[in-house]
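K.L.:
Structure in structure tokens, see below.
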Amino acid sequence: MNTDFRSLEAGAQEALRKKAVAAVESGMSQVEAARVFGITRQAINNWMGIYLAKGEAGLRAKRRGRPHGGQLKGWQAAQICKEIMDRCPDQMKLPFYLWTREAVGLLIRKRFKISLSVWTVGRYLGRWGFTSQKPVRRAFEQDQSKVATWLQEEYPQLRARAKLEGAEIYWGDEMGVRSDHAVGDSFSKKGRTPVIPGTGKRFGCNMVSAITNRGKLYFMVFKSRFVSAVFIRFLRRLCKQVPRKIYLIIDSHPVHRSATVRREVQAYQGKLQLFFLPGYSPELNPDEYLNNDVKANAVGRKRASSQKEMISNVRGYLRSTQQTPEVVRNYFQAKPVRYAAV
């Protein structure tokens, strides 16, 4: 019968660890050592791993109970909060990519020589108003000063100019979708990964769209690559459908800035004007939320068996969204793009 190792005193635990490891080192098998000393084979295996990594020091008894590392003072807590909000762990030469409890605990230990358990760090984070959230990816190349200029100066001026000239502001973007795209989770028995049936063939299609904060949506779905001729076809359709002057805000995709597109825009003699977002800043474009919606609901949750069926699903979903302006307006309510809602 195995001994409840946790019920032993710290000194007795240390002695038992050392004896069991010594027995295995002398040639006894781990299975036999577990039987002789009345413990599990897993415990023996763990101790051997610790012994090989740290030597006999790793088998010594440790202090029980909560760690006595001290408490953070108010000014120390304020400094930790600022560093978490302003920088990533790897920027501070910590071996982490995200701010986890372990990462914050290591930062506290490096800064103030105070050791705290992950549970204590978690309580601190909750008290400071931090919650665990899915991070938003941001490109290293993004220029924060240009983003600030866009939000504080360029877009407010553009909006005022549009109002003065009676123009409508549209936000445009393009994307590709694939048959093997999947989003979301699916319930299944523990230990059994859910299997989603689908075709083994790979196919896809592309779409380009433009939306307004009043709930208007125009789109085009196509099979070919996104090139200047395709974008020009979309612009002509947009100008034909919209009677007012159009301000179209887009990213700096090479197609958008091509000489062919520039000549096409000039031919409209002011009816259509293009404006460009700061580089590497997709989070500033409300049309990205339409893209995500289409991927999630028209592609990810509807298994198309052919390219024709996929195109039909995407068009059908976009037409349905086109007829529900409140859905389009909701894309502008996400925090990163709320500035464009008015």
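Chain lettering (A, B, ...) mirrors the order of the structure tokens, residue numbering begins at 1 for each chain separately, and ligand numbering begins at 1 in order of display.
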Counting only C-alpha atoms, what is within 12 Å of region 91-95 of chain A, bar same-chain residues fewer than 2 positions away, as a list in words?

P.N.:
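Close residues of region 91-95 of chain A: Ile80, Glu83, Ile84, Asp86, Arg87, Cys88, Pro89, Tyr97, Leu98, Trp99, Thr100, Glu102, Ala103, Val104, Gly105, Leu106, Leu107, Ile108, Arg109, Lys110 and Arg111 of chain A.
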
K.L.:
Using only C-alpha atoms, please write the residues we just selected to a file, as an mmCIF file, in the first residue's frame.

P.N.:
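Final file, out19.cif:
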```
data_model
loop_
_atom_site.group_PDB
_atom_site.id
_atom_site.type_symbol
_atom_site.label_atom_id
_atom_site.label_comp_id
_atom_site.auth_asym_id
_atom_site.auth_seq_id
_atom_site.Cartn_x
_atom_site.Cartn_y
_atom_site.Cartn_z
ATOM 1 C CA ILE A 80 4.301 47.794 -12.075
ATOM 2 C CA GLU A 83 5.090 48.968 -17.079
ATOM 3 C CA ILE A 84 2.430 46.326 -17.826
ATOM 4 C CA ASP A 86 3.174 50.484 -21.646
ATOM 5 C CA ARG A 87 5.416 47.581 -22.590
ATOM 6 C CA CYS A 88 5.484 43.866 -23.431
ATOM 7 C CA PRO A 89 7.476 41.354 -21.336
ATOM 8 C CA TYR A 97 5.591 36.929 -24.767
ATOM 9 C CA LEU A 98 2.403 37.868 -22.870
ATOM 10 C CA TRP A 99 1.703 39.361 -19.449
ATOM 11 C CA THR A 100 0.780 36.276 -17.410
ATOM 12 C CA GLU A 102 4.189 34.359 -13.816
ATOM 13 C CA ALA A 103 5.542 37.192 -15.973
ATOM 14 C CA VAL A 104 4.222 39.871 -13.599
ATOM 15 C CA GLY A 105 5.617 37.967 -10.610
ATOM 16 C CA LEU A 106 9.057 37.818 -12.226
ATOM 17 C CA LEU A 107 8.894 41.548 -12.998
ATOM 18 C CA ILE A 108 8.089 42.300 -9.336
ATOM 19 C CA ARG A 109 10.961 40.089 -8.185
ATOM 20 C CA LYS A 110 13.443 41.766 -10.552
ATOM 21 C CA ARG A 111 12.296 45.279 -9.692
#
```

K.L.:
Looking only at alpha helix (DSSP H) from DSSP on the backbone, list the matching residues of region 84-227 of chain A as an MDAnalysis selection string.

P.N.:
chainID A and resid 84:86 101:112 118:127 144:149 155:165

K.L.:
Using N, CA and C atoms, can you export the residues from the last selection as a compact mmCIF listing (two decimals), in the first residue's frame?

P.N.:
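To be explicit, this is the file written out as out_3.txt:
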```txt
# COMPACT_ATOMS: atom_id res chain seq x y z
N ILE A 84 3.27 47.32 -17.16
CA ILE A 84 2.43 46.33 -17.83
C ILE A 84 1.64 46.97 -18.96
N MET A 85 1.14 48.18 -18.72
CA MET A 85 0.32 48.86 -19.74
C MET A 85 1.15 49.39 -20.90
N ASP A 86 2.36 49.80 -20.63
CA ASP A 86 3.17 50.48 -21.65
C ASP A 86 4.07 49.57 -22.47
N ARG A 101 0.47 35.83 -15.04
CA ARG A 101 0.78 36.03 -13.62
C ARG A 101 2.25 35.73 -13.33
N GLU A 102 2.78 34.70 -14.01
CA GLU A 102 4.19 34.36 -13.82
C GLU A 102 5.09 35.50 -14.28
N ALA A 103 4.73 36.10 -15.44
CA ALA A 103 5.54 37.19 -15.97
C ALA A 103 5.52 38.40 -15.04
N VAL A 104 4.33 38.73 -14.52
CA VAL A 104 4.22 39.87 -13.60
C VAL A 104 4.98 39.58 -12.31
N GLY A 105 4.89 38.34 -11.82
CA GLY A 105 5.62 37.97 -10.61
C GLY A 105 7.12 38.10 -10.78
N LEU A 106 7.62 37.69 -11.96
CA LEU A 106 9.06 37.82 -12.23
C LEU A 106 9.46 39.28 -12.32
N LEU A 107 8.61 40.11 -12.91
CA LEU A 107 8.89 41.55 -13.00
C LEU A 107 8.99 42.16 -11.61
N ILE A 108 8.07 41.79 -10.72
CA ILE A 108 8.09 42.30 -9.34
C ILE A 108 9.36 41.86 -8.63
N ARG A 109 9.76 40.60 -8.85
CA ARG A 109 10.96 40.09 -8.18
C ARG A 109 12.21 40.81 -8.68
N LYS A 110 12.28 41.07 -10.00
CA LYS A 110 13.44 41.77 -10.55
C LYS A 110 13.49 43.22 -10.10
N ARG A 111 12.33 43.86 -10.04
CA ARG A 111 12.30 45.28 -9.69
C ARG A 111 12.55 45.53 -8.21
N PHE A 112 11.86 44.74 -7.37
CA PHE A 112 11.82 45.08 -5.94
C PHE A 112 12.30 43.96 -5.01
N VAL A 118 1.89 32.96 -7.60
CA VAL A 118 1.06 33.35 -8.74
C VAL A 118 -0.34 33.73 -8.27
N TRP A 119 -0.81 33.12 -7.18
CA TRP A 119 -2.14 33.44 -6.67
C TRP A 119 -2.17 34.86 -6.08
N THR A 120 -1.09 35.21 -5.37
CA THR A 120 -1.01 36.57 -4.83
C THR A 120 -0.91 37.59 -5.96
N VAL A 121 -0.11 37.27 -6.98
CA VAL A 121 0.00 38.17 -8.14
C VAL A 121 -1.36 38.33 -8.80
N GLY A 122 -2.10 37.21 -8.92
CA GLY A 122 -3.44 37.27 -9.51
C GLY A 122 -4.37 38.16 -8.72
N ARG A 123 -4.28 38.10 -7.39
CA ARG A 123 -5.12 38.97 -6.56
C ARG A 123 -4.75 40.44 -6.74
N TYR A 124 -3.43 40.70 -6.83
CA TYR A 124 -2.99 42.07 -7.09
C TYR A 124 -3.54 42.58 -8.42
N LEU A 125 -3.44 41.76 -9.47
CA LEU A 125 -3.89 42.17 -10.79
C LEU A 125 -5.39 42.48 -10.78
N GLY A 126 -6.16 41.64 -10.09
CA GLY A 126 -7.59 41.90 -9.98
C GLY A 126 -7.88 43.19 -9.24
N ARG A 127 -7.12 43.46 -8.18
CA ARG A 127 -7.30 44.69 -7.41
C ARG A 127 -6.94 45.92 -8.22
N GLN A 144 3.20 54.92 -34.31
CA GLN A 144 2.19 55.42 -33.38
C GLN A 144 1.94 56.91 -33.54
N SER A 145 2.96 57.67 -33.93
CA SER A 145 2.77 59.11 -34.11
C SER A 145 1.83 59.38 -35.29
N LYS A 146 1.94 58.57 -36.36
CA LYS A 146 1.06 58.74 -37.51
C LYS A 146 -0.37 58.33 -37.16
N VAL A 147 -0.51 57.31 -36.34
CA VAL A 147 -1.85 56.90 -35.89
C VAL A 147 -2.49 58.02 -35.08
N ALA A 148 -1.72 58.62 -34.18
CA ALA A 148 -2.23 59.72 -33.36
C ALA A 148 -2.63 60.91 -34.23
N THR A 149 -1.81 61.21 -35.23
CA THR A 149 -2.12 62.32 -36.13
C THR A 149 -3.41 62.06 -36.90
N TYR A 155 -8.38 62.72 -39.60
CA TYR A 155 -9.77 62.28 -39.79
C TYR A 155 -10.79 63.35 -39.38
N PRO A 156 -10.62 64.06 -38.25
CA PRO A 156 -11.57 65.14 -37.95
C PRO A 156 -11.65 66.19 -39.06
N GLN A 157 -10.50 66.52 -39.68
CA GLN A 157 -10.50 67.48 -40.78
C GLN A 157 -11.22 66.91 -42.00
N LEU A 158 -10.97 65.63 -42.28
CA LEU A 158 -11.62 64.97 -43.41
C LEU A 158 -13.14 64.94 -43.21
N ARG A 159 -13.57 64.63 -41.99
CA ARG A 159 -15.00 64.57 -41.69
C ARG A 159 -15.65 65.95 -41.86
N ALA A 160 -14.97 67.00 -41.37
CA ALA A 160 -15.51 68.35 -41.52
C ALA A 160 -15.59 68.75 -42.99
N ARG A 161 -14.59 68.37 -43.76
CA ARG A 161 -14.57 68.69 -45.19
C ARG A 161 -15.68 67.96 -45.92
N ALA A 162 -15.92 66.69 -45.56
CA ALA A 162 -16.99 65.92 -46.19
C ALA A 162 -18.35 66.56 -45.92
N LYS A 163 -18.54 67.02 -44.71
CA LYS A 163 -19.80 67.67 -44.36
C LYS A 163 -19.99 68.95 -45.16
N LEU A 164 -18.91 69.70 -45.31
CA LEU A 164 -18.96 70.96 -46.06
C LEU A 164 -19.28 70.72 -47.53
N GLU A 165 -18.72 69.64 -48.10
CA GLU A 165 -18.89 69.36 -49.53
C GLU A 165 -20.06 68.43 -49.83
```

K.L.:
So what do you get for CA of Gln322 (chain A) versus CA of Tyr218 (chain A), distance-wise?

P.N.:
7.4 Å

K.L.:
At most 12 Å is the cut-off: for each residue in region 49-165 of chain A with any atom that close to an atom of region 18-42 of chain A, write down the nearest atom pair and the distance in Å rounded to one decimal, counting only C-alpha atoms, chain first then increasing number, as a Markdown table.

P.N.:
```
| residue | atom | partner | partner_atom | distance |
| --- | --- | --- | --- | --- |
| A:Gly49 | CA | A:Val21 | CA | 10.0 |
| A:Ile50 | CA | A:Val21 | CA | 10.1 |
| A:Tyr51 | CA | A:Val21 | CA | 7.8 |
| A:Leu52 | CA | A:Val21 | CA | 10.1 |
| A:Gly55 | CA | A:Lys18 | CA | 10.5 |
| A:Glu56 | CA | A:Lys18 | CA | 7.6 |
| A:Ala57 | CA | A:Lys18 | CA | 10.1 |
| A:Gly58 | CA | A:Lys18 | CA | 10.0 |
| A:Leu59 | CA | A:Lys18 | CA | 6.6 |
| A:Arg60 | CA | A:Lys18 | CA | 8.4 |
| A:Ala61 | CA | A:Lys18 | CA | 10.6 |
```

K.L.:
Neighbours of region 285-288 of chain A within 8 Å (only C-alpha atoms; same-chain residues fewer than 4 positions away dropped), as a list in words?

P.N.:
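So the residues in contact are Trp171, Gly172, Asp173, Ser209, Ala210, Ile211, Ile250, Leu277, Ser281, Asn292, Tyr331, Phe332, Val337 and Ala340 of chain A.
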
K.L.:
Export, as a compact mmCIF listing (two decimals), in the first residue's frame, the selected residues with C-alpha atoms.

P.N.:
```txt
# COMPACT_ATOMS: atom_id res chain seq x y z
CA TRP A 171 -14.50 52.69 -45.51
CA GLY A 172 -13.21 50.08 -47.93
CA ASP A 173 -11.21 46.86 -47.77
CA SER A 209 -16.48 46.08 -49.88
CA ALA A 210 -17.23 49.58 -48.67
CA ILE A 211 -19.40 50.62 -45.70
CA ILE A 250 -8.65 52.52 -47.59
CA LEU A 277 -5.06 55.07 -43.39
CA SER A 281 -3.16 49.91 -38.97
CA ASN A 292 -14.46 39.06 -39.72
CA TYR A 331 -19.30 47.48 -36.85
CA PHE A 332 -18.47 51.07 -35.89
CA VAL A 337 -13.10 52.29 -34.60
CA ALA A 340 -15.49 56.78 -37.07
```

K.L.:
CA of Ser252 (chain A) and CA of Ala296 (chain A) are how many Å apart?

P.N.:
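CA of Ser252 (chain A) sits 25.3 Å away from CA of Ala296 (chain A).
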
K.L.:
In Å, with one decimal, what is the gap from CA of Glu264 (chain A) to CA of Thr212 (chain A)?

P.N.:
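Computing the Euclidean distance for CA of Glu264 (chain A) and CA of Thr212 (chain A) yields 22.2 Å.
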
K.L.:
To test your reading of the structure, identify every residue in region 152-272 of chain A that backbone DSSP assigns to strand (DSSP E), and report it as JSON, numbers by chain.

P.N.:
{"A": [167, 168, 169, 170, 171, 172, 173, 174, 175, 176, 177, 178, 204, 205, 206, 207, 208, 209, 210, 211, 217, 218, 219, 220, 221, 222, 245, 246, 247, 248, 249, 250, 272]}

K.L.:
Can you list, as a PyMOL selection string, every protein, DNA or RNA residue that comes within 10 Å of region 317-321 of chain A when you count only C-alpha atoms, leaving out same-chain residues fewer than 6 positions away?

P.N.:
chain A and resi 209+215-221+290+293-294+297-299+311+327-328

K.L.:
Neighbours of Val255 (chain A) within 12 Å (only C-alpha atoms; same-chain residues fewer than 4 positions away dropped), as a list of chain:residue names?

P.N.:
A:Asp173, A:Glu174, A:Arg225, A:Phe226, A:Val227, A:Ser228, A:Ala229, A:Val230, A:Phe231, A:Ile232, A:Ile250, A:Asp251, A:Ala259, A:Thr260, A:Val261, A:Arg262
